[in-house]
file upload-v9.txt (compact mmCIF, C-alpha atoms and all ligand atoms)
# COMPACT_ATOMS: atom_id res chain seq x y z
CA MET M 1183 95.25 -13.86 79.00
CA ASN M 1184 98.92 -13.35 79.98
CA VAL M 1185 101.14 -12.79 76.94
CA LEU M 1186 104.91 -13.00 77.25
CA GLY M 1187 106.37 -10.56 74.72
CA ILE M 1188 109.94 -10.74 73.46
CA GLU M 1189 111.77 -8.00 71.51
CA THR M 1190 115.34 -8.22 70.16
CA SER M 1191 115.16 -6.40 66.81
CA CYS M 1192 118.05 -4.02 67.49
CA ASP M 1193 120.11 -3.37 70.61
CA GLU M 1194 117.62 -3.81 73.45
CA THR M 1195 116.97 -7.27 74.89
CA SER M 1196 113.46 -7.05 76.25
CA ALA M 1197 110.79 -9.30 77.75
CA ALA M 1198 107.44 -8.25 79.20
CA ILE M 1199 104.22 -9.79 80.45
CA VAL M 1200 100.98 -8.04 79.52
CA SER M 1201 97.51 -9.18 80.59
CA ASP M 1202 94.60 -8.89 78.16
CA GLY M 1203 96.54 -6.53 75.92
CA VAL M 1204 96.40 -3.58 78.32
CA THR M 1205 97.85 -4.29 81.77
CA ILE M 1206 101.64 -4.39 82.01
CA ARG M 1207 102.62 -6.94 84.70
CA SER M 1208 106.34 -6.54 84.03
CA SER M 1209 108.59 -4.94 81.45
CA ILE M 1210 112.33 -5.56 81.41
CA VAL M 1211 114.65 -3.82 78.96
CA ALA M 1212 118.36 -4.63 79.02
CA SER M 1213 120.03 -1.95 76.94
CA GLN M 1214 123.28 -2.59 75.12
CA SER M 1215 123.97 1.05 74.34
CA ASP M 1216 127.17 1.20 76.46
CA LEU M 1217 128.53 -1.73 74.50
CA HIS M 1218 127.89 -0.09 71.11
CA ALA M 1219 128.96 3.41 72.22
CA VAL M 1220 132.63 2.64 71.58
CA TYR M 1221 131.80 1.93 67.91
CA GLY M 1222 129.54 5.00 67.55
CA GLY M 1223 126.59 2.87 66.41
CA VAL M 1224 125.01 -0.57 66.66
CA VAL M 1225 127.27 -3.42 65.48
CA PRO M 1226 124.93 -6.24 64.38
CA GLU M 1227 127.14 -9.19 65.37
CA VAL M 1228 127.89 -7.65 68.77
CA ALA M 1229 124.16 -7.09 69.29
CA SER M 1230 123.30 -10.72 68.45
CA ARG M 1231 125.89 -12.09 70.84
CA LYS M 1232 124.73 -9.84 73.66
CA HIS M 1233 121.11 -10.89 73.06
CA VAL M 1234 122.20 -14.54 73.45
CA GLU M 1235 123.77 -13.69 76.82
CA GLN M 1236 120.87 -11.59 78.09
CA MET M 1237 117.79 -13.33 76.70
CA ILE M 1238 117.10 -15.97 79.35
CA PRO M 1239 118.02 -13.74 82.36
CA VAL M 1240 115.70 -11.03 80.98
CA ILE M 1241 112.81 -13.48 80.56
CA CYS M 1242 113.40 -14.80 84.12
CA GLU M 1243 113.38 -11.24 85.44
CA ALA M 1244 110.11 -10.50 83.63
CA LEU M 1245 108.53 -13.57 85.26
CA SER M 1246 109.86 -12.70 88.69
CA GLU M 1247 108.78 -9.04 88.49
CA ALA M 1248 105.29 -10.19 87.50
CA GLN M 1249 105.40 -12.80 90.30
CA MET M 1250 104.59 -15.49 87.78
CA THR M 1251 106.01 -18.79 86.58
CA TYR M 1252 106.05 -20.21 83.05
CA ALA M 1253 102.77 -21.97 83.88
CA ASP M 1254 101.04 -18.57 84.09
CA ILE M 1255 101.97 -17.67 80.51
CA ASP M 1256 99.05 -18.27 78.12
CA ALA M 1257 100.69 -17.18 74.86
CA LEU M 1258 103.86 -15.71 73.37
CA ALA M 1259 104.45 -12.81 71.01
CA VAL M 1260 107.81 -12.03 69.47
CA THR M 1261 109.16 -9.41 67.07
CA ASN M 1262 109.99 -11.32 63.87
CA ARG M 1263 110.33 -8.37 61.43
CA PRO M 1264 111.90 -5.98 60.48
CA GLY M 1265 115.26 -5.62 62.22
CA LEU M 1266 118.80 -6.95 62.39
CA LEU M 1267 118.40 -10.54 61.29
CA GLY M 1268 120.84 -12.13 63.72
CA ALA M 1269 119.36 -10.12 66.59
CA LEU M 1270 115.77 -11.03 65.65
CA LEU M 1271 116.69 -14.71 65.43
CA VAL M 1272 117.78 -14.79 69.08
CA GLY M 1273 114.37 -13.59 70.31
CA VAL M 1274 112.43 -15.70 67.83
CA SER M 1275 114.38 -18.87 68.74
CA ALA M 1276 113.85 -18.30 72.45
CA ALA M 1277 110.13 -17.58 71.99
CA LYS M 1278 109.58 -20.60 69.75
CA ALA M 1279 111.45 -22.89 72.16
CA LEU M 1280 109.26 -21.68 75.04
CA ALA M 1281 106.05 -21.96 73.00
CA TYR M 1282 106.97 -25.50 72.00
CA SER M 1283 107.94 -26.68 75.47
CA LEU M 1284 104.97 -24.99 77.20
CA ASP M 1285 102.59 -25.94 74.38
CA ARG M 1286 101.27 -22.40 74.02
CA PRO M 1287 100.23 -20.35 70.97
CA ILE M 1288 102.78 -17.91 69.54
CA VAL M 1289 102.58 -15.04 67.06
CA GLY M 1290 105.26 -13.10 65.20
CA VAL M 1291 104.74 -9.34 65.46
CA HIS M 1292 105.86 -6.57 63.09
CA HIS M 1293 108.08 -4.20 65.08
CA LEU M 1294 106.24 -1.08 63.85
CA GLU M 1295 102.88 -2.61 64.69
CA GLY M 1296 104.31 -3.05 68.18
CA HIS M 1297 105.21 0.65 68.34
CA ILE M 1298 101.60 1.57 67.46
CA TYR M 1299 100.31 -0.61 70.31
CA SER M 1300 102.29 1.40 72.85
CA ALA M 1301 99.52 3.96 72.28
CA PHE M 1302 96.87 1.40 73.34
CA LEU M 1303 98.89 0.55 76.45
CA THR M 1304 98.84 4.28 77.25
CA ALA M 1305 95.17 4.99 76.49
CA PRO M 1306 93.25 1.67 76.16
CA GLU M 1307 89.98 3.49 75.43
CA ILE M 1308 91.21 4.60 71.99
CA ILE M 1309 90.82 0.99 70.85
CA HIS M 1310 87.13 1.89 70.54
CA GLU M 1311 87.89 5.16 68.76
CA LEU M 1312 89.48 3.87 65.56
CA PRO M 1313 90.53 5.07 63.01
CA LEU M 1314 93.78 6.35 64.37
CA LEU M 1315 96.71 8.19 62.82
CA ALA M 1316 100.09 7.01 64.07
CA LEU M 1317 103.32 8.95 63.59
CA ILE M 1318 106.10 6.40 64.01
CA VAL M 1319 109.49 8.02 64.54
CA SER M 1320 112.37 5.72 65.34
CA GLY M 1321 115.99 5.11 64.42
CA GLY M 1322 115.12 3.10 61.32
CA HIS M 1323 111.65 4.38 60.37
CA THR M 1324 109.64 7.55 60.01
CA GLN M 1325 106.12 7.14 58.76
CA ILE M 1326 102.50 8.15 59.16
CA MET M 1327 100.05 5.25 59.30
CA ARG M 1328 96.27 5.14 59.22
CA MET M 1329 94.96 2.29 61.40
CA THR M 1330 91.32 1.39 60.80
CA ASP M 1331 91.20 -1.89 62.74
CA HIS M 1332 93.54 -4.39 64.38
CA GLY M 1333 95.86 -5.54 61.62
CA ALA M 1334 94.48 -2.99 59.10
CA TYR M 1335 97.09 -0.34 58.29
CA GLN M 1336 97.61 2.07 55.44
CA LEU M 1337 100.91 3.82 54.87
CA LEU M 1338 100.19 7.51 54.21
CA GLY M 1339 103.74 8.86 54.15
CA ARG M 1340 107.27 7.75 54.89
CA THR M 1341 110.80 9.10 54.76
CA ARG M 1342 112.46 9.09 51.39
CA ASP M 1343 115.94 8.93 52.91
CA ASP M 1344 116.98 9.16 56.57
CA ALA M 1345 114.66 8.34 59.46
CA ALA M 1346 114.07 11.08 62.06
CA GLY M 1347 116.08 9.16 64.68
CA GLU M 1348 118.87 8.74 62.15
CA ALA M 1349 118.82 12.51 61.52
CA PHE M 1350 119.20 13.06 65.28
CA ASP M 1351 121.97 10.47 65.56
CA LYS M 1352 123.93 11.70 62.53
CA GLY M 1353 123.49 15.32 63.60
CA ALA M 1354 124.81 14.42 67.05
CA ARG M 1355 127.85 12.78 65.50
CA LEU M 1356 128.55 15.91 63.42
CA LEU M 1357 128.38 17.94 66.65
CA GLY M 1358 130.85 15.55 68.28
CA LEU M 1359 128.31 14.16 70.75
CA PRO M 1360 128.66 10.57 71.98
CA TYR M 1361 126.35 7.67 71.08
CA PRO M 1362 123.37 7.39 71.57
CA GLY M 1363 123.15 10.66 69.64
CA GLY M 1364 119.43 11.49 69.76
CA PRO M 1365 119.02 11.86 73.53
CA ASN M 1366 122.41 13.63 73.82
CA LEU M 1367 121.54 16.16 71.11
CA ALA M 1368 118.16 16.73 72.77
CA ARG M 1369 119.84 17.33 76.13
CA LEU M 1370 122.25 19.87 74.61
CA ALA M 1371 119.38 21.58 72.76
CA LEU M 1372 117.59 22.29 76.06
CA ALA M 1373 120.04 25.15 76.75
CA GLY M 1374 120.04 26.50 73.18
CA ASP M 1375 118.12 29.01 71.05
CA PRO M 1376 116.05 27.14 68.40
CA GLY M 1377 115.78 30.30 66.29
CA LYS M 1378 119.53 30.87 65.99
CA VAL M 1379 120.24 28.93 62.77
CA ALA M 1380 117.71 28.61 59.91
CA PHE M 1381 118.12 24.98 58.90
CA PRO M 1382 116.04 23.73 55.93
CA ARG M 1383 112.59 22.22 56.59
CA ALA M 1384 111.74 19.92 53.67
CA MET M 1385 107.95 19.93 53.20
CA LEU M 1386 107.99 18.20 49.75
CA GLY M 1387 104.95 19.99 48.32
CA ASP M 1388 101.64 18.46 49.45
CA SER M 1389 103.18 15.09 50.17
CA LEU M 1390 103.04 13.32 53.53
CA ASP M 1391 106.54 11.95 52.88
CA PHE M 1392 109.60 13.14 54.76
CA SER M 1393 113.20 13.88 53.81
CA PHE M 1394 115.96 14.59 56.31
CA SER M 1395 119.14 14.06 54.29
CA GLY M 1396 119.31 17.72 53.15
CA LEU M 1397 119.09 18.85 56.75
CA LYS M 1398 122.02 16.66 57.72
CA THR M 1399 124.09 18.01 54.82
CA SER M 1400 123.14 21.54 55.78
CA LEU M 1401 124.39 20.94 59.33
CA ARG M 1402 127.67 19.58 58.01
CA THR M 1403 128.16 22.65 55.77
CA PHE M 1404 127.17 25.01 58.59
CA THR M 1405 129.60 23.54 61.15
CA MET M 1406 132.46 23.62 58.64
CA ARG M 1407 131.85 27.27 57.77
CA ASP M 1408 130.98 28.36 61.31
CA ASN M 1409 134.18 26.89 62.72
CA GLY M 1410 133.00 26.95 66.34
CA ALA M 1411 131.64 30.52 66.37
CA THR M 1412 128.04 29.57 67.22
CA PRO M 1413 127.43 27.87 70.59
CA ALA M 1414 126.83 24.12 70.10
CA ALA M 1415 123.62 24.33 72.16
CA ASP M 1416 122.16 26.86 69.71
CA ILE M 1417 123.06 24.69 66.73
CA ALA M 1418 121.56 21.61 68.42
CA ALA M 1419 118.35 23.48 69.33
CA SER M 1420 117.98 24.87 65.78
CA TYR M 1421 118.62 21.46 64.21
CA GLU M 1422 116.13 19.79 66.56
CA ALA M 1423 113.57 22.52 65.81
CA ALA M 1424 113.79 21.79 62.06
CA ILE M 1425 113.07 18.06 62.61
CA VAL M 1426 110.28 18.78 65.10
CA TYR M 1427 108.64 21.32 62.76
CA VAL M 1428 108.48 18.91 59.81
CA LEU M 1429 107.16 16.00 61.90
CA THR M 1430 104.49 18.18 63.53
CA GLU M 1431 103.31 19.88 60.34
CA LYS M 1432 103.10 16.59 58.42
CA LEU M 1433 100.95 15.09 61.15
CA ARG M 1434 98.73 18.21 61.09
CA ARG M 1435 98.44 17.84 57.32
CA ALA M 1436 97.56 14.12 57.62
CA ALA M 1437 94.88 14.85 60.23
CA ARG M 1438 93.35 17.57 58.06
CA SER M 1439 93.36 15.50 54.88
CA THR M 1440 91.93 12.32 56.48
CA GLY M 1441 89.62 13.98 59.02
CA ILE M 1442 90.90 11.54 61.68
CA ARG M 1443 90.73 13.07 65.16
CA THR M 1444 92.84 10.64 67.21
CA VAL M 1445 96.59 10.78 66.68
CA ALA M 1446 99.41 8.90 68.37
CA VAL M 1447 103.15 9.43 68.32
CA THR M 1448 105.47 6.55 69.01
CA GLY M 1449 109.01 5.24 68.45
CA GLY M 1450 112.23 6.34 70.09
CA VAL M 1451 112.10 9.95 68.85
CA ALA M 1452 108.67 10.35 70.49
CA ALA M 1453 110.65 10.51 73.76
CA ASN M 1454 111.89 13.93 72.59
CA ARG M 1455 110.45 16.68 74.79
CA SER M 1456 110.39 19.41 72.13
CA LEU M 1457 108.50 17.12 69.79
CA ALA M 1458 106.01 16.26 72.52
CA ALA M 1459 105.46 19.97 73.24
CA ALA M 1460 105.01 20.88 69.56
CA LEU M 1461 102.60 17.99 68.95
CA THR M 1462 100.57 18.94 72.02
CA GLU M 1463 100.28 22.53 70.78
CA MET M 1464 99.34 21.42 67.26
CA SER M 1465 96.75 18.94 68.60
CA ASN M 1466 95.17 21.65 70.75
CA GLU M 1467 95.00 24.00 67.76
CA GLU M 1468 93.42 21.32 65.56
CA GLY M 1469 91.15 19.82 68.27
CA LEU M 1470 92.84 16.42 68.07
CA ARG M 1471 93.16 13.78 70.75
CA LEU M 1472 96.92 13.15 71.08
CA VAL M 1473 98.24 9.98 72.67
CA ALA M 1474 101.92 10.22 73.58
CA PRO M 1475 103.25 7.22 75.53
CA VAL M 1476 105.79 7.68 78.31
CA PRO M 1477 109.43 7.49 77.07
CA GLU M 1478 109.89 3.89 78.30
CA LEU M 1479 107.05 2.81 76.01
CA CYS M 1480 108.27 4.94 73.07
CA THR M 1481 111.70 3.33 72.83
CA ASP M 1482 111.99 -0.37 72.01
CA ASN M 1483 110.27 -2.60 74.57
CA ALA M 1484 108.54 -5.97 74.67
CA ALA M 1485 105.33 -4.74 76.35
CA MET M 1486 104.21 -3.17 73.06
CA ILE M 1487 104.96 -6.48 71.29
CA ALA M 1488 102.92 -8.45 73.85
CA ALA M 1489 100.00 -6.01 73.44
CA ALA M 1490 100.06 -6.25 69.64
CA GLY M 1491 100.36 -10.04 69.92
CA PHE M 1492 97.31 -10.26 72.17
CA TYR M 1493 95.10 -8.54 69.59
CA ARG M 1494 96.53 -10.62 66.77
CA LEU M 1495 95.64 -13.78 68.70
CA GLN M 1496 92.17 -12.40 69.49
CA SER M 1497 91.56 -11.83 65.79
CA GLY M 1498 92.40 -15.44 65.01
CA ALA M 1499 95.93 -15.03 63.63
CA ASP M 1500 97.91 -18.19 62.90
CA SER M 1501 99.50 -19.21 66.19
CA SER M 1502 101.71 -22.06 65.08
CA LEU M 1503 105.51 -22.20 65.20
CA ASP M 1504 105.59 -21.97 61.43
CA PHE M 1505 106.71 -18.37 60.81
CA ASP M 1506 109.93 -16.84 59.53
CA THR M 1507 112.11 -13.88 60.45
CA PHE M 1508 112.66 -10.98 58.04
CA ALA M 1509 115.22 -8.18 58.02
CA THR M 1510 112.90 -5.87 56.05
CA GLU M 1511 109.16 -5.68 55.59
CA SER M 1512 106.96 -2.62 55.34
CA LEU M 1513 103.74 -2.26 57.32
CA GLY M 1514 100.58 -1.15 55.53
CA GLY M 1515 101.99 -0.74 52.05
CA ASP M 1516 104.54 -1.98 49.60
CA LEU M 1517 106.79 1.06 49.91
CA PRO M 1518 110.27 0.15 51.10
CA ALA M 1519 111.19 0.91 54.71
CA SER M 1520 113.53 3.84 55.11
CA SER M 1521 117.25 3.29 54.89
CA SER M 1522 118.93 2.73 58.22
O1 LIG J 1 112.31 3.05 68.51
P1 LIG J 1 113.74 3.04 68.90
O2 LIG J 1 114.06 2.81 70.37
O3 LIG J 1 114.55 1.99 68.09
C1 LIG J 1 114.31 1.76 66.72
O4 LIG J 1 113.38 0.97 66.41
O5 LIG J 1 115.01 2.42 65.92
O6 LIG J 1 114.34 4.45 68.44
C2 LIG J 1 115.69 4.77 68.62
C3 LIG J 1 115.93 6.17 68.05
C4 LIG J 1 117.39 6.55 68.00
O7 LIG J 1 117.68 7.13 66.75
C5 LIG J 1 117.52 7.59 69.14
O8 LIG J 1 118.55 8.51 68.93
C6 LIG J 1 116.17 8.23 69.08
O9 LIG J 1 115.27 7.17 68.87
N1 LIG J 1 115.84 8.91 70.34
C7 LIG J 1 115.70 10.26 70.45
C8 LIG J 1 115.42 10.54 71.82
N2 LIG J 1 115.40 9.35 72.50
C9 LIG J 1 115.65 8.37 71.58
N3 LIG J 1 115.79 11.24 69.53
C10 LIG J 1 115.58 12.51 69.94
N4 LIG J 1 115.32 12.86 71.22
C11 LIG J 1 115.23 11.91 72.19
N5 LIG J 1 114.97 12.26 73.46
ZN ZN J 2 111.70 0.63 67.39

call {"tool": "encode", "arguments": {"input": "upload-v9.txt", "output": "structure tokens", "more": "lines below"}}
Ligand code: KG4
Ligand code: ZN
result
Amino acid sequence: MNVLGIETSCDETSAAIVSDGVTIRSSIVASQSDLHAVYGGVVPEVASRKHVEQMIPVICEALSEAQMTYADIDALAVTNRPGLLGALLVGVSAAKALAYSLDRPIVGVHHLEGHIYSAFLTAPEIIHELPLLALIVSGGHTQIMRMTDHGAYQLLGRTRDDAAGEAFDKGARLLGLPYPGGPNLARLALAGDPGKVAFPRAMLGDSLDFSFSGLKTSLRTFTMRDNGATPAADIAASYEAAIVYVLTEKLRRAARSTGIRTVAVTGGVAANRSLAAALTEMSNEEGLRLVAPVPELCTDNAAMIAAAGFYRLQSGADSSLDFDTFATESLGGDLPASSS
């Protein structure tokens, strides 16, 4: 079954075709980051308008890369929650119009569920090794999920304030680095000493929750007092190390307390090399199977949405046009999503 996935929840216009939930036939991501860089962050109205411009060309490119026509598409999957409402509506409208005109089934997919499925695109065999622990680290969310079956998620811990990606982005801004902050801070950190500055690492007792707002404040205070004395690379490396430490130790704690042996890391921050290295080391120490998708599958993309949509359709999810679009909705619990 060929599923056309569509993702427009933030500032990437993406379309992808995935066969049987595991084989990526094409994956097109048109980034808008240059457009938002001048504002230092994503401007929702600008994002929506750009999605309108890019949506159809991106879908056409996905078809042409897969050497397919609309007739080859068996079903559609589209991110319908959570995200910037105007941005989501562009993808949902396009997907519904196609589903209606082609007379194909369509499912709305939760964006975070999509991120989890990037792990199945990376290592399809883990589908048979559930339960799975997923550490989702993106610009708007930071949470640890237990997945016991397709569509069955339990929220084990989440950020109480900033998301990990937000901590990277705000830290980058404090260091005067251009948007997108996360990758730029990570690049600067490569040349720095992570042991130079002792930034706080909020462990919050035995909890699996996260908190990064104190870290951000600590960076602001440090840079004001330091007044340029410490090399920026050392500050960036130390700041990154504090985020990486907390994420890694919380996942270790979750694995120990649940006894789950398969762990996955996904979301934009999973593209961070220091995090990947720390998680690999921790997984080796704990005897865990770690699935870490390639960076293109960690950041927002429609292939993960198509994969999640395939399994939702297989499990008999409603495939009519009758679904809405939501700016916020948590996955696997009634705790609110982190602020973004
Ligand atoms: O999952 P994603 O593409 O979009 C959201 O759903 O939010 O994640 C974007 C986030 C941004 O905060 C970005 O700065 C961060 O992921 N990010 C990184 C890296 N690449 C992307 N953070 C740290 N190191 C990276 N290499
Ligand atoms: Zn995302």

call {"tool": "residues_around", "arguments": {"input": "upload-v9.txt", "residues": "Pro1239 of chain M", "least_positions_apart": "3", "cutoff": "12 Å", "atoms": "only C-alpha atoms", "output": "mmCIF file with C-alpha atoms, keeping the file's coordinate frame"}}
result
data_model
loop_
_atom_site.group_PDB
_atom_site.id
_atom_site.type_symbol
_atom_site.label_atom_id
_atom_site.label_comp_id
_atom_site.auth_asym_id
_atom_site.auth_seq_id
_atom_site.Cartn_x
_atom_site.Cartn_y
_atom_site.Cartn_z
ATOM 1 C CA THR M 1195 116.970 -7.270 74.890
ATOM 2 C CA SER M 1196 113.460 -7.050 76.250
ATOM 3 C CA ALA M 1197 110.790 -9.300 77.750
ATOM 4 C CA ILE M 1210 112.330 -5.560 81.410
ATOM 5 C CA VAL M 1211 114.650 -3.820 78.960
ATOM 6 C CA ALA M 1212 118.360 -4.630 79.020
ATOM 7 C CA LYS M 1232 124.730 -9.840 73.660
ATOM 8 C CA HIS M 1233 121.110 -10.890 73.060
ATOM 9 C CA VAL M 1234 122.200 -14.540 73.450
ATOM 10 C CA GLU M 1235 123.770 -13.690 76.820
ATOM 11 C CA GLN M 1236 120.870 -11.590 78.090
ATOM 12 C CA CYS M 1242 113.400 -14.800 84.120
ATOM 13 C CA GLU M 1243 113.380 -11.240 85.440
ATOM 14 C CA ALA M 1244 110.110 -10.500 83.630
ATOM 15 C CA LEU M 1245 108.530 -13.570 85.260
ATOM 16 C CA SER M 1246 109.860 -12.700 88.690
ATOM 17 C CA ALA M 1276 113.850 -18.300 72.450
#

call {"tool": "residues_around", "arguments": {"input": "upload-v9.txt", "residues": "segment 1284-1290 of chain M", "least_positions_apart": "6", "cutoff": "8 Å", "atoms": "only C-alpha atoms", "output": "list in words"}}
result
Tyr1252, Ala1253, Asp1256, Ala1257, Leu1258, Ala1259, Val1260, Thr1261, Asn1262, Arg1263, Ala1277, Lys1278, Gly1491, Arg1494, Leu1495, Ala1499, Asp1500, Ser1501, Ser1502, Leu1503 and Phe1505 of chain M

call {"tool": "closest_residue", "arguments": {"input": "upload-v9.txt", "among": "M:Val1319, M:Ile1442, M:Ile1308, M:Leu1337", "to": "Leu1429 of chain M", "atoms": "all atoms listed in the file"}}
result
M:Val1319

call {"tool": "residues_near_ligand", "arguments": {"input": "upload-v9.txt", "ligand": "ligand LIG 1 (chain J)", "cutoff": "6 Å", "atoms": "only C-alpha atoms and all ligand atoms", "output": "MDAnalysis selection string"}}
result
chainID M and resid 1320:1322 1347:1348 1350:1351 1362:1365 1368 1449:1451 1453:1454 1481:1482

call {"tool": "closest_atom_pairs", "arguments": {"input": "upload-v9.txt", "of": "chain M", "to": "ligand ZN 2 (chain J)", "cutoff": "12 Å", "atoms": "all atoms listed in the file", "output": "JSON lines"}}
result
{"residue": "M:Glu1189", "atom": "CA", "partner": "J:ZN2", "partner_atom": "ZN", "distance": 9.6}
{"residue": "M:Thr1190", "atom": "CA", "partner": "J:ZN2", "partner_atom": "ZN", "distance": 10.0}
{"residue": "M:Ser1191", "atom": "CA", "partner": "J:ZN2", "partner_atom": "ZN", "distance": 7.9}
{"residue": "M:Cys1192", "atom": "CA", "partner": "J:ZN2", "partner_atom": "ZN", "distance": 7.9}
{"residue": "M:Asp1193", "atom": "CA", "partner": "J:ZN2", "partner_atom": "ZN", "distance": 9.9}
{"residue": "M:Glu1194", "atom": "CA", "partner": "J:ZN2", "partner_atom": "ZN", "distance": 9.6}
{"residue": "M:Ser1196", "atom": "CA", "partner": "J:ZN2", "partner_atom": "ZN", "distance": 11.9}
{"residue": "M:Thr1261", "atom": "CA", "partner": "J:ZN2", "partner_atom": "ZN", "distance": 10.4}
{"residue": "M:Arg1263", "atom": "CA", "partner": "J:ZN2", "partner_atom": "ZN", "distance": 10.9}
{"residue": "M:Pro1264", "atom": "CA", "partner": "J:ZN2", "partner_atom": "ZN", "distance": 9.6}
{"residue": "M:Gly1265", "atom": "CA", "partner": "J:ZN2", "partner_atom": "ZN", "distance": 8.9}
{"residue": "M:Leu1266", "atom": "CA", "partner": "J:ZN2", "partner_atom": "ZN", "distance": 11.5}
{"residue": "M:His1292", "atom": "CA", "partner": "J:ZN2", "partner_atom": "ZN", "distance": 10.2}
{"residue": "M:His1293", "atom": "CA", "partner": "J:ZN2", "partner_atom": "ZN", "distance": 6.5}
{"residue": "M:Leu1294", "atom": "CA", "partner": "J:ZN2", "partner_atom": "ZN", "distance": 6.7}
{"residue": "M:Glu1295", "atom": "CA", "partner": "J:ZN2", "partner_atom": "ZN", "distance": 9.8}
{"residue": "M:Gly1296", "atom": "CA", "partner": "J:ZN2", "partner_atom": "ZN", "distance": 8.3}
{"residue": "M:His1297", "atom": "CA", "partner": "J:ZN2", "partner_atom": "ZN", "distance": 6.6}
{"residue": "M:Ile1298", "atom": "CA", "partner": "J:ZN2", "partner_atom": "ZN", "distance": 10.1}
{"residue": "M:Tyr1299", "atom": "CA", "partner": "J:ZN2", "partner_atom": "ZN", "distance": 11.8}
{"residue": "M:Ser1300", "atom": "CA", "partner": "J:ZN2", "partner_atom": "ZN", "distance": 10.9}
{"residue": "M:Ile1318", "atom": "CA", "partner": "J:ZN2", "partner_atom": "ZN", "distance": 8.7}
{"residue": "M:Val1319", "atom": "CA", "partner": "J:ZN2", "partner_atom": "ZN", "distance": 8.2}
{"residue": "M:Ser1320", "atom": "CA", "partner": "J:ZN2", "partner_atom": "ZN", "distance": 5.5}
{"residue": "M:Gly1321", "atom": "CA", "partner": "J:ZN2", "partner_atom": "ZN", "distance": 6.9}
{"residue": "M:Gly1322", "atom": "CA", "partner": "J:ZN2", "partner_atom": "ZN", "distance": 7.4}
{"residue": "M:His1323", "atom": "CA", "partner": "J:ZN2", "partner_atom": "ZN", "distance": 8.0}
{"residue": "M:Thr1324", "atom": "CA", "partner": "J:ZN2", "partner_atom": "ZN", "distance": 10.3}
{"residue": "M:Ala1345", "atom": "CA", "partner": "J:ZN2", "partner_atom": "ZN", "distance": 11.4}
{"residue": "M:Ala1346", "atom": "CA", "partner": "J:ZN2", "partner_atom": "ZN", "distance": 12.0}
{"residue": "M:Gly1347", "atom": "CA", "partner": "J:ZN2", "partner_atom": "ZN", "distance": 10.0}
{"residue": "M:Thr1448", "atom": "CA", "partner": "J:ZN2", "partner_atom": "ZN", "distance": 8.7}
{"residue": "M:Gly1449", "atom": "CA", "partner": "J:ZN2", "partner_atom": "ZN", "distance": 5.4}
{"residue": "M:Gly1450", "atom": "CA", "partner": "J:ZN2", "partner_atom": "ZN", "distance": 6.3}
{"residue": "M:Val1451", "atom": "CA", "partner": "J:ZN2", "partner_atom": "ZN", "distance": 9.4}
{"residue": "M:Ala1452", "atom": "CA", "partner": "J:ZN2", "partner_atom": "ZN", "distance": 10.6}
{"residue": "M:Ala1453", "atom": "CA", "partner": "J:ZN2", "partner_atom": "ZN", "distance": 11.8}
{"residue": "M:Glu1478", "atom": "CA", "partner": "J:ZN2", "partner_atom": "ZN", "distance": 11.5}
{"residue": "M:Leu1479", "atom": "CA", "partner": "J:ZN2", "partner_atom": "ZN", "distance": 10.0}
{"residue": "M:Cys1480", "atom": "CA", "partner": "J:ZN2", "partner_atom": "ZN", "distance": 7.9}
{"residue": "M:Thr1481", "atom": "CA", "partner": "J:ZN2", "partner_atom": "ZN", "distance": 6.1}
{"residue": "M:Asp1482", "atom": "CA", "partner": "J:ZN2", "partner_atom": "ZN", "distance": 4.7}
{"residue": "M:Asn1483", "atom": "CA", "partner": "J:ZN2", "partner_atom": "ZN", "distance": 8.0}
{"residue": "M:Ala1484", "atom": "CA", "partner": "J:ZN2", "partner_atom": "ZN", "distance": 10.3}
{"residue": "M:Met1486", "atom": "CA", "partner": "J:ZN2", "partner_atom": "ZN", "distance": 10.1}
{"residue": "M:Ile1487", "atom": "CA", "partner": "J:ZN2", "partner_atom": "ZN", "distance": 10.5}
{"residue": "M:Ser1522", "atom": "CA", "partner": "J:ZN2", "partner_atom": "ZN", "distance": 11.9}

call {"tool": "closest_residue", "arguments": {"input": "upload-v9.txt", "among": "M:Ser1209, M:Thr1462, M:Ser1400, M:Ser1497", "to": "Ile1241 of chain M", "atoms": "all atoms listed in the file"}}
result
M:Ser1209

call {"tool": "closest_residue", "arguments": {"input": "upload-v9.txt", "among": "M:Tyr1361, M:Tyr1282, M:Phe1392, M:Phe1381", "to": "Arg1340 of chain M", "atoms": "all atoms listed in the file"}}
result
M:Phe1392

call {"tool": "closest_residue", "arguments": {"input": "upload-v9.txt", "among": "M:Arg1402, M:Asp1391, M:Leu1317, M:Arg1342", "to": "Ala1458 of chain M", "atoms": "all atoms listed in the file"}}
result
M:Leu1317

call {"tool": "closest_residue", "arguments": {"input": "upload-v9.txt", "among": "M:Leu1401, M:Ala1198, M:Leu1271, M:Ile1255", "to": "Pro1226 of chain M", "atoms": "all atoms listed in the file"}}
result
M:Leu1271

call {"tool": "closest_residue", "arguments": {"input": "upload-v9.txt", "among": "M:Met1327, M:Ala1219, M:Gly1374, M:Val1379", "to": "Arg1355 of chain M", "atoms": "all atoms listed in the file"}}
result
M:Ala1219

call {"tool": "atom_distance", "arguments": {"input": "upload-v9.txt", "atom1": "atom CA of Ser1393 of chain M", "atom2": "atom CA of Tyr1427 of chain M"}}
result
12.5 Å

call {"tool": "atom_distance", "arguments": {"input": "upload-v9.txt", "atom1": "atom CA of Arg1383 of chain M", "atom2": "atom CA of Gly1396 of chain M"}}
result
8.8 Å

call {"tool": "atom_distance", "arguments": {"input": "upload-v9.txt", "atom1": "atom CA of Gly1273 of chain M", "atom2": "atom CA of Phe1508 of chain M"}}
result
12.7 Å

call {"tool": "residues_near_point", "arguments": {"input": "upload-v9.txt", "point": "(115.7, 24.5, 67.1)", "cutoff": "10 Å", "atoms": "only C-alpha atoms", "output": "list in words"}}
result
Ala1368, Ala1371, Leu1372, Gly1374, Asp1375, Pro1376, Gly1377, Lys1378, Val1379, Ala1380, Phe1381, Ala1415, Asp1416, Ile1417, Ala1418, Ala1419, Ser1420, Tyr1421, Glu1422, Ala1423, Ala1424, Ile1425, Val1426, Tyr1427 and Ser1456 of chain M
